[in-house]
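Colleague: Can you read through this structure? Questions will come right after.
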Amino acid sequence: MSGVEDGLFRQLFENNLSGCGLHELLYGADGQAVDYRFLELNPAFERITGLRRSELLGRTVLEVLPTTEPAWIRRYAEVVSSGQSIHFEEFSVALGRWFEVMAFPLGEHRFAAVFTDITARMRSVSELRETQETLRQALLQAEVANVAKSQFLATMSHEIRTPLNGVIGMADLLVQSGLTSEQEAMAEIIQDCGEALVAVVGDVLDLAQIESGRMQLQTQDVDVRRLVEGVHGMFVNTAKSKGLEFLVRVDPAVPQFLCGDAVRLRQVLINLVGNAVKFTSQGRIRLAVSAGPNTSGRIPLTWEVSDTGPGIPAEYAARLFEPFSQADGGPSRRHGGTGLGLAIAKRLVELMDGTLTAETAPGCGTTFHCTVFMAPASGAGEADHRPPTQIAGWRRRPSILVVEDDPTCQFTMRMMLDELGCDHAEVEDGNQAIAAVRAGTYDLVLMDCQMPECDGYEATRQIRAEATATSRLPIIAVTANVFTEDRERCTTFGMDDFLAKPLSLEALRACLRCWLRELML
């Protein structure tokens, strides 16, 4: 190498921002590398390590830094023995810092090491990992808390709905028992209060299901015009009693049947129209429905609910769809409610790939625009949209087995079945239900799901496993557990239908009409 080249390499060595060192590997009597000597060091070496060049040259690393880990010596021995360069990251206990190192063989037991201090980066990586671990633990705790919350809500739903089953069921029977006008008014108040409490419980459970990702839509053919008529029928008398005009318009282009979740869509509309009627004291309510063109099998169905009410102040409009938010808030508010209705409605609409927005201003009323995307009807459900037929009488009295452990619910079910003209027997748990089905002949079983000893799920499974008759015995779940997975579990274990507590007389009537048609006159 010429003097010029040697000078250039010296400049490169001296001016390199990375630490550079030339070293000689030292071996023990057994031929294993045991140490290495400092032959030459650049200024950056001194700056990065804090060690003085004059105190290092000619000395070994273990003389200067006796706590140096054997791993450093082994890595450099690998470079010398293999004649191959290596790249590694290592922590130096002696210096208390992390280094990124490139080591090169120079022959005759010599090697060069070029390194940079990466302590800050490694600390950042370590902190990031710690943060990620903290977040992971927080997520696990949140999931555990979410499961606990869901279990708590399911338990509370069961505990609240079970006594409400007696309250609402007995109120239904009282209203139809020939009361005086004053007594009938009292019974109707009990009905209204019970149904309001059920609505509150339902709102809380719906929000919990949506937030936990457990809400699932049920797809079926929806008679759009019948849906509109049903919502109109629910509120037209209330609107009239307040002196309000209730207008309905369905665009002729809207198909008669579309495919979607009728229950959840009806829930959204009931909330929007119910709010309009509740907060409007004069003028009108308008419900309008229109449909856009079919694009790739999706039809946009737009609902507009407008009112001439007081409108919503801007400070409340911004959080209109947030849970527990109420424009009519404070201790002096005139209207009740949980403040969950619109939050649930918006989330349900979003589950349908739709949008829910509001146009409002104080003194100018409010208009909600709801657009959901629905598929063309399959045609399979159109025959089911017939006006309901009341039970006029039986060819013979049906024999119903009631499986229920709660005395109040037993009494309520007994009174309802008497009202509907049915014979009935009662048992208190799943084992008794299995024995009763073996011993008797029943047309239908009303099966509670949560019971001691043997629950309704296991009882249904065993009844299905032992069935030998060609006709299937209808088993109807009657339960206060109303999550979607509860319904699916009922189906999985062989139940044919699902009735939620609190059970109304009309719901039981409709169920019997559906499953015992062959016994009707």
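Ligands are numbered from 1 in the order shown, residues from 1 within each chain, and chains are lettered A, B, ... in the order they appear in the structure tokens.
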When you look at Leu227 of chain A with a cut-off of 10 Å (counting only C-alpha atoms), what residues show up, excluding the ones that are within fewer than 2 positions of it in the same chain? I need them as a list of chain:residue names.

Modeller: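 Counting only C-alpha atoms, the residues come to A:Val222, A:Asp223, A:Val224, A:Arg225, A:Glu229, A:Gly230, A:Val231, A:His232, A:Gly233, A:Ala262, A:Val263, A:Leu265, A:Arg266, A:Leu269.
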
Colleague: Could you please take those selected residues and save all heavy atoms as a JSON list (two decimals), in the first residue's frame?

Modeller:
[["chain", "number", "residue", "atom", "x", "y", "z"],
["A", 222, "VAL", "N", -88.63, -9.30, 5.13],
["A", 222, "VAL", "CA", -89.35, -8.27, 5.89],
["A", 222, "VAL", "C", -90.42, -7.65, 4.99],
["A", 222, "VAL", "O", -90.13, -7.20, 3.87],
["A", 222, "VAL", "CB", -88.38, -7.16, 6.36],
["A", 222, "VAL", "CG1", -89.12, -6.10, 7.15],
["A", 222, "VAL", "CG2", -87.23, -7.75, 7.16],
["A", 223, "ASP", "N", -91.67, -7.68, 5.47],
["A", 223, "ASP", "CA", -92.76, -6.98, 4.78],
["A", 223, "ASP", "C", -92.66, -5.51, 5.19],
["A", 223, "ASP", "O", -93.06, -5.13, 6.30],
["A", 223, "ASP", "CB", -94.09, -7.59, 5.20],
["A", 223, "ASP", "CG", -95.27, -7.01, 4.41],
["A", 223, "ASP", "OD1", -95.17, -5.84, 3.98],
["A", 223, "ASP", "OD2", -96.28, -7.71, 4.23],
["A", 224, "VAL", "N", -92.11, -4.69, 4.30],
["A", 224, "VAL", "CA", -91.81, -3.30, 4.65],
["A", 224, "VAL", "C", -93.08, -2.53, 5.00],
["A", 224, "VAL", "O", -93.14, -1.81, 6.01],
["A", 224, "VAL", "CB", -91.05, -2.62, 3.50],
["A", 224, "VAL", "CG1", -90.77, -1.15, 3.86],
["A", 224, "VAL", "CG2", -89.75, -3.34, 3.21],
["A", 225, "ARG", "N", -94.11, -2.68, 4.18],
["A", 225, "ARG", "CA", -95.34, -1.92, 4.44],
["A", 225, "ARG", "C", -96.03, -2.37, 5.72],
["A", 225, "ARG", "O", -96.57, -1.56, 6.47],
["A", 225, "ARG", "CB", -96.28, -2.04, 3.24],
["A", 225, "ARG", "CG", -95.81, -1.18, 2.06],
["A", 225, "ARG", "CD", -96.52, -1.51, 0.76],
["A", 225, "ARG", "NE", -96.09, -0.58, -0.30],
["A", 225, "ARG", "CZ", -94.92, -0.68, -0.93],
["A", 225, "ARG", "NH1", -94.07, -1.64, -0.61],
["A", 225, "ARG", "NH2", -94.60, 0.19, -1.87],
["A", 229, "GLU", "N", -96.89, -0.11, 8.96],
["A", 229, "GLU", "CA", -98.23, -0.10, 9.56],
["A", 229, "GLU", "C", -98.18, -0.44, 11.05],
["A", 229, "GLU", "O", -98.89, 0.15, 11.86],
["A", 229, "GLU", "CB", -99.14, -1.11, 8.83],
["A", 229, "GLU", "CG", -99.48, -0.71, 7.41],
["A", 229, "GLU", "CD", -100.16, -1.84, 6.64],
["A", 229, "GLU", "OE1", -100.37, -2.92, 7.26],
["A", 229, "GLU", "OE2", -100.43, -1.67, 5.45],
["A", 230, "GLY", "N", -97.31, -1.40, 11.39],
["A", 230, "GLY", "CA", -97.19, -1.79, 12.79],
["A", 230, "GLY", "C", -96.65, -0.66, 13.66],
["A", 230, "GLY", "O", -97.16, -0.41, 14.76],
["A", 231, "VAL", "N", -95.62, 0.04, 13.17],
["A", 231, "VAL", "CA", -95.06, 1.16, 13.94],
["A", 231, "VAL", "C", -96.07, 2.30, 14.03],
["A", 231, "VAL", "O", -96.24, 2.91, 15.10],
["A", 231, "VAL", "CB", -93.75, 1.64, 13.29],
["A", 231, "VAL", "CG1", -93.24, 2.89, 13.98],
["A", 231, "VAL", "CG2", -92.69, 0.54, 13.34],
["A", 232, "HIS", "N", -96.77, 2.56, 12.94],
["A", 232, "HIS", "CA", -97.80, 3.60, 12.95],
["A", 232, "HIS", "C", -98.89, 3.25, 13.96],
["A", 232, "HIS", "O", -99.33, 4.10, 14.75],
["A", 232, "HIS", "CB", -98.39, 3.76, 11.55],
["A", 232, "HIS", "CG", -99.50, 4.77, 11.47],
["A", 232, "HIS", "ND1", -100.83, 4.41, 11.54],
["A", 232, "HIS", "CD2", -99.48, 6.13, 11.34],
["A", 232, "HIS", "CE1", -101.58, 5.49, 11.45],
["A", 232, "HIS", "NE2", -100.79, 6.55, 11.33],
["A", 233, "GLY", "N", -99.32, 1.99, 13.95],
["A", 233, "GLY", "CA", -100.38, 1.57, 14.87],
["A", 233, "GLY", "C", -100.00, 1.69, 16.32],
["A", 233, "GLY", "O", -100.86, 1.94, 17.18],
["A", 262, "ALA", "N", -85.79, -7.77, 10.75],
["A", 262, "ALA", "CA", -87.02, -7.02, 10.99],
["A", 262, "ALA", "C", -87.12, -6.55, 12.44],
["A", 262, "ALA", "O", -87.58, -5.44, 12.72],
["A", 262, "ALA", "CB", -88.23, -7.89, 10.64],
["A", 263, "VAL", "N", -86.66, -7.39, 13.36],
["A", 263, "VAL", "CA", -86.79, -7.05, 14.79],
["A", 263, "VAL", "C", -85.95, -5.83, 15.13],
["A", 263, "VAL", "O", -86.42, -4.89, 15.78],
["A", 263, "VAL", "CB", -86.36, -8.26, 15.65],
["A", 263, "VAL", "CG1", -86.32, -7.86, 17.13],
["A", 263, "VAL", "CG2", -87.32, -9.43, 15.44],
["A", 265, "LEU", "N", -84.66, -3.57, 12.98],
["A", 265, "LEU", "CA", -85.11, -2.41, 12.23],
["A", 265, "LEU", "C", -86.35, -1.81, 12.89],
["A", 265, "LEU", "O", -86.47, -0.58, 13.04],
["A", 265, "LEU", "CB", -85.42, -2.81, 10.79],
["A", 265, "LEU", "CG", -85.84, -1.70, 9.85],
["A", 265, "LEU", "CD1", -84.81, -0.57, 9.82],
["A", 265, "LEU", "CD2", -86.05, -2.24, 8.44],
["A", 266, "ARG", "N", -87.25, -2.66, 13.34],
["A", 266, "ARG", "CA", -88.45, -2.19, 14.05],
["A", 266, "ARG", "C", -88.04, -1.48, 15.34],
["A", 266, "ARG", "O", -88.62, -0.46, 15.71],
["A", 266, "ARG", "CB", -89.36, -3.37, 14.35],
["A", 266, "ARG", "CG", -90.66, -3.02, 15.07],
["A", 266, "ARG", "CD", -91.56, -4.26, 15.14],
["A", 266, "ARG", "NE", -92.79, -3.99, 15.84],
["A", 266, "ARG", "CZ", -92.95, -4.15, 17.15],
["A", 266, "ARG", "NH1", -91.94, -4.56, 17.90],
["A", 266, "ARG", "NH2", -94.10, -3.88, 17.72],
["A", 269, "LEU", "N", -86.93, 2.05, 14.50],
["A", 269, "LEU", "CA", -88.04, 2.92, 14.12],
["A", 269, "LEU", "C", -88.91, 3.27, 15.33],
["A", 269, "LEU", "O", -89.38, 4.41, 15.47],
["A", 269, "LEU", "CB", -88.89, 2.24, 13.05],
["A", 269, "LEU", "CG", -88.19, 2.01, 11.71],
["A", 269, "LEU", "CD1", -89.11, 1.28, 10.75],
["A", 269, "LEU", "CD2", -87.75, 3.34, 11.11]]

Colleague: Using DSSP assignments from the backbone, pull out every residue in segment 239-342 of chain A that falls under strand (DSSP E) and give it to me as a PyMOL selection string.

Modeller: chain A and resi 245-250+257-260+284-291+299-307

Colleague: Using atom CA of Arg226 of chain A and atom CA of Arg264 of chain A as the two end points, give the distance in Å to one decimal.

Modeller: 14.9 Å

Colleague: Set the distance at 12 Å and use only C-alpha atoms: which residues neighbour Asp423 of chain A once local chain neighbours fewer than 5 positions away are removed? I'd like the list as a PyMOL selection string.

Modeller: chain A and resi 394+396-402+413-418+441-445

Colleague: Take the residues that were just selected and, keeping C-alpha atoms, output them as a PDB file, in the first residue's frame.

Modeller:
ATOM      1  CA  TRP A 394    -109.647 -26.178  20.117  1.00  0.00           C
ATOM      2  CA  ARG A 396    -109.565 -30.847  21.871  1.00  0.00           C
ATOM      3  CA  ARG A 397    -107.865 -29.176  24.803  1.00  0.00           C
ATOM      4  CA  PRO A 398    -104.095 -29.243  24.319  1.00  0.00           C
ATOM      5  CA  SER A 399    -102.012 -30.937  27.006  1.00  0.00           C
ATOM      6  CA  ILE A 400     -99.076 -28.734  28.018  1.00  0.00           C
ATOM      7  CA  LEU A 401     -96.160 -29.708  30.262  1.00  0.00           C
ATOM      8  CA  VAL A 402     -94.819 -26.704  32.191  1.00  0.00           C
ATOM      9  CA  MET A 413     -98.211 -19.881  33.537  1.00  0.00           C
ATOM     10  CA  ARG A 414    -101.048 -21.927  35.052  1.00  0.00           C
ATOM     11  CA  MET A 415    -103.434 -18.959  34.938  1.00  0.00           C
ATOM     12  CA  MET A 416    -102.448 -18.080  31.353  1.00  0.00           C
ATOM     13  CA  LEU A 417    -102.953 -21.641  30.116  1.00  0.00           C
ATOM     14  CA  ASP A 418    -106.338 -21.773  31.840  1.00  0.00           C
ATOM     15  CA  THR A 441     -98.475 -37.760  26.383  1.00  0.00           C
ATOM     16  CA  TYR A 442     -98.131 -34.028  25.859  1.00  0.00           C
ATOM     17  CA  ASP A 443     -98.746 -31.783  22.889  1.00  0.00           C
ATOM     18  CA  LEU A 444     -96.098 -29.222  23.870  1.00  0.00           C
ATOM     19  CA  VAL A 445     -93.491 -28.522  26.555  1.00  0.00           C
TER      20      VAL A 445
END

Colleague: Within 10 Å of segment 462-473 of chain A, counting only C-alpha atoms, which residues qualify if same-chain residues fewer than 6 places away don't, as a PyMOL selection string?

Modeller: chain A and resi 430-431+433-435+437-438+441-445+456+493-496+515

Colleague: Fewer than 6 positions away in the same chain doesn't count, so skip those; otherwise give me all residues within 9 Å of Leu356 of chain A, counting only C-alpha atoms, as a list in words.

Modeller: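 Here the answer would be Ala345, Lys346, Arg347, Val349, Glu350, Phe368, His369, Cys370, Thr371 and Val372 of chain A.
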
Colleague: Write out the residues from the selection above, keeping N, CA, C and O atoms, as a PDB file, in the first residue's frame.

Modeller:
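Once everything was written out, this is selection.pdb:
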ATOM      1  N   ALA A 345     -79.811   2.704  18.756  1.00  0.00           N
ATOM      2  CA  ALA A 345     -80.331   2.788  17.385  1.00  0.00           C
ATOM      3  C   ALA A 345     -79.200   3.016  16.384  1.00  0.00           C
ATOM      4  O   ALA A 345     -79.137   2.368  15.335  1.00  0.00           O
ATOM      5  N   LYS A 346     -78.298   3.941  16.703  1.00  0.00           N
ATOM      6  CA  LYS A 346     -77.198   4.229  15.779  1.00  0.00           C
ATOM      7  C   LYS A 346     -76.309   3.009  15.587  1.00  0.00           C
ATOM      8  O   LYS A 346     -75.896   2.695  14.470  1.00  0.00           O
ATOM      9  N   ARG A 347     -76.007   2.314  16.676  1.00  0.00           N
ATOM     10  CA  ARG A 347     -75.133   1.142  16.571  1.00  0.00           C
ATOM     11  C   ARG A 347     -75.810   0.010  15.812  1.00  0.00           C
ATOM     12  O   ARG A 347     -75.170  -0.724  15.059  1.00  0.00           O
ATOM     13  N   VAL A 349     -78.048   0.433  13.425  1.00  0.00           N
ATOM     14  CA  VAL A 349     -78.018   0.847  12.016  1.00  0.00           C
ATOM     15  C   VAL A 349     -76.642   0.604  11.413  1.00  0.00           C
ATOM     16  O   VAL A 349     -76.508   0.141  10.280  1.00  0.00           O
ATOM     17  N   GLU A 350     -75.591   0.891  12.176  1.00  0.00           N
ATOM     18  CA  GLU A 350     -74.229   0.664  11.681  1.00  0.00           C
ATOM     19  C   GLU A 350     -73.947  -0.819  11.490  1.00  0.00           C
ATOM     20  O   GLU A 350     -73.203  -1.202  10.585  1.00  0.00           O
ATOM     21  N   PHE A 368     -84.756  12.829  11.625  1.00  0.00           N
ATOM     22  CA  PHE A 368     -83.758  11.759  11.620  1.00  0.00           C
ATOM     23  C   PHE A 368     -83.756  11.088  10.251  1.00  0.00           C
ATOM     24  O   PHE A 368     -84.815  10.766   9.701  1.00  0.00           O
ATOM     25  N   HIS A 369     -82.556  10.916   9.709  1.00  0.00           N
ATOM     26  CA  HIS A 369     -82.381  10.213   8.435  1.00  0.00           C
ATOM     27  C   HIS A 369     -81.689   8.885   8.715  1.00  0.00           C
ATOM     28  O   HIS A 369     -80.560   8.856   9.211  1.00  0.00           O
ATOM     29  N   CYS A 370     -82.373   7.808   8.414  1.00  0.00           N
ATOM     30  CA  CYS A 370     -81.843   6.465   8.661  1.00  0.00           C
ATOM     31  C   CYS A 370     -81.803   5.693   7.342  1.00  0.00           C
ATOM     32  O   CYS A 370     -82.836   5.504   6.702  1.00  0.00           O
ATOM     33  N   THR A 371     -80.612   5.280   6.936  1.00  0.00           N
ATOM     34  CA  THR A 371     -80.463   4.495   5.720  1.00  0.00           C
ATOM     35  C   THR A 371     -79.821   3.158   6.067  1.00  0.00           C
ATOM     36  O   THR A 371     -78.757   3.117   6.695  1.00  0.00           O
ATOM     37  N   VAL A 372     -80.477   2.083   5.690  1.00  0.00           N
ATOM     38  CA  VAL A 372     -79.929   0.738   5.881  1.00  0.00           C
ATOM     39  C   VAL A 372     -79.927   0.028   4.528  1.00  0.00           C
ATOM     40  O   VAL A 372     -80.739   0.332   3.649  1.00  0.00           O
TER      41      VAL A 372
END

Colleague: Just the residues within 10 Å of Thr308 of chain A, please, counting only C-alpha atoms, with nothing from its chain fewer than 3 positions along; format it as a CSV table (one decimal) with C-alpha atoms, in the first residue's frame.

Modeller:
chain,number,residue,atom,x,y,z
A,244,LEU,CA,-100.7,15.6,16.8
A,276,ALA,CA,-90.8,12.2,18.1
A,277,VAL,CA,-94.2,11.6,19.7
A,279,PHE,CA,-91.1,15.4,22.7
A,280,THR,CA,-93.6,17.0,20.3
A,281,SER,CA,-96.5,18.9,21.9
A,282,GLN,CA,-98.2,20.4,18.8
A,283,GLY,CA,-98.1,20.0,15.0
A,284,ARG,CA,-97.2,16.7,13.3
A,285,ILE,CA,-95.1,13.6,13.1
A,286,ARG,CA,-94.1,12.3,9.7
A,311,GLY,CA,-85.6,20.9,18.4
A,363,GLY,CA,-87.6,25.8,17.5
A,364,CYS,CA,-87.3,24.1,14.1
A,365,GLY,CA,-88.1,20.5,15.0
A,366,THR,CA,-85.9,17.4,14.3
A,367,THR,CA,-85.6,15.1,11.3

Colleague: I need the residue nearest Ala377 of chain A from this list: A:Lys149, A:Arg123, A:Arg298, A:Arg136. Use only C-alpha atoms for the distance.

Modeller: A:Arg298

Colleague: Could you check the closest approach to Gln267 of chain A for each of A:Val248, A:Val254, A:Val236, A:Leu342 and tell me which residue wins, using only C-alpha atoms?

Modeller: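 For Gln267 of chain A, the nearest of the candidates is A:Leu342.
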
Colleague: Got a sec: who's within 8 Å of segment 186-199 of chain A, counting only C-alpha atoms, leaving out chain neighbours fewer than 2 positions off, as a PDB file with N, CA and C atoms, in the first residue's frame?

Modeller:
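Saved to around-v7.pdb:
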ATOM      1  N   ARG A 161     -86.050 -10.269  35.199  1.00  0.00           N
ATOM      2  CA  ARG A 161     -87.131 -10.696  34.308  1.00  0.00           C
ATOM      3  C   ARG A 161     -88.023 -11.769  34.944  1.00  0.00           C
ATOM      4  N   LEU A 164     -90.595 -10.129  37.053  1.00  0.00           N
ATOM      5  CA  LEU A 164     -91.416  -9.324  36.141  1.00  0.00           C
ATOM      6  C   LEU A 164     -92.375 -10.200  35.346  1.00  0.00           C
ATOM      7  N   VAL A 167     -95.336 -10.232  37.403  1.00  0.00           N
ATOM      8  CA  VAL A 167     -95.994  -8.926  37.448  1.00  0.00           C
ATOM      9  C   VAL A 167     -96.792  -8.668  36.170  1.00  0.00           C
ATOM     10  N   ILE A 168     -96.131  -8.809  35.027  1.00  0.00           N
ATOM     11  CA  ILE A 168     -96.797  -8.488  33.755  1.00  0.00           C
ATOM     12  C   ILE A 168     -97.833  -9.544  33.398  1.00  0.00           C
ATOM     13  N   ALA A 171    -100.866  -9.003  35.515  1.00  0.00           N
ATOM     14  CA  ALA A 171    -101.554  -7.777  35.086  1.00  0.00           C
ATOM     15  C   ALA A 171    -102.351  -8.033  33.814  1.00  0.00           C
ATOM     16  N   ASP A 172    -101.770  -8.805  32.874  1.00  0.00           N
ATOM     17  CA  ASP A 172    -102.503  -9.176  31.655  1.00  0.00           C
ATOM     18  C   ASP A 172    -103.812  -9.885  32.003  1.00  0.00           C
ATOM     19  N   LEU A 174    -105.406  -9.854  34.903  1.00  0.00           N
ATOM     20  CA  LEU A 174    -106.309  -8.983  35.647  1.00  0.00           C
ATOM     21  C   LEU A 174    -107.144  -8.108  34.719  1.00  0.00           C
ATOM     22  N   VAL A 175    -106.492  -7.544  33.706  1.00  0.00           N
ATOM     23  CA  VAL A 175    -107.194  -6.651  32.777  1.00  0.00           C
ATOM     24  C   VAL A 175    -108.354  -7.371  32.098  1.00  0.00           C
ATOM     25  N   GLU A 182    -112.118   1.418  37.527  1.00  0.00           N
ATOM     26  CA  GLU A 182    -111.023   1.904  38.354  1.00  0.00           C
ATOM     27  C   GLU A 182    -109.961   0.825  38.537  1.00  0.00           C
ATOM     28  N   GLN A 183    -110.409  -0.412  38.795  1.00  0.00           N
ATOM     29  CA  GLN A 183    -109.455  -1.516  38.941  1.00  0.00           C
ATOM     30  C   GLN A 183    -108.710  -1.791  37.642  1.00  0.00           C
ATOM     31  N   GLU A 184    -109.422  -1.697  36.530  1.00  0.00           N
ATOM     32  CA  GLU A 184    -108.775  -1.923  35.231  1.00  0.00           C
ATOM     33  C   GLU A 184    -107.703  -0.878  34.978  1.00  0.00           C
ATOM     34  N   VAL A 201     -84.271  -2.651  31.065  1.00  0.00           N
ATOM     35  CA  VAL A 201     -83.384  -3.822  31.112  1.00  0.00           C
ATOM     36  C   VAL A 201     -82.919  -4.191  29.707  1.00  0.00           C
ATOM     37  N   GLY A 202     -83.846  -4.144  28.756  1.00  0.00           N
ATOM     38  CA  GLY A 202     -83.491  -4.474  27.372  1.00  0.00           C
ATOM     39  C   GLY A 202     -82.471  -3.516  26.793  1.00  0.00           C
ATOM     40  N   ASP A 203     -82.612  -2.208  27.089  1.00  0.00           N
ATOM     41  CA  ASP A 203     -81.648  -1.222  26.588  1.00  0.00           C
ATOM     42  C   ASP A 203     -80.249  -1.504  27.117  1.00  0.00           C
ATOM     43  N   PRO A 502     -90.166 -11.268  30.730  1.00  0.00           N
ATOM     44  CA  PRO A 502     -91.521 -11.598  31.145  1.00  0.00           C
ATOM     45  C   PRO A 502     -92.417 -11.951  29.954  1.00  0.00           C
TER      46      PRO A 502
END
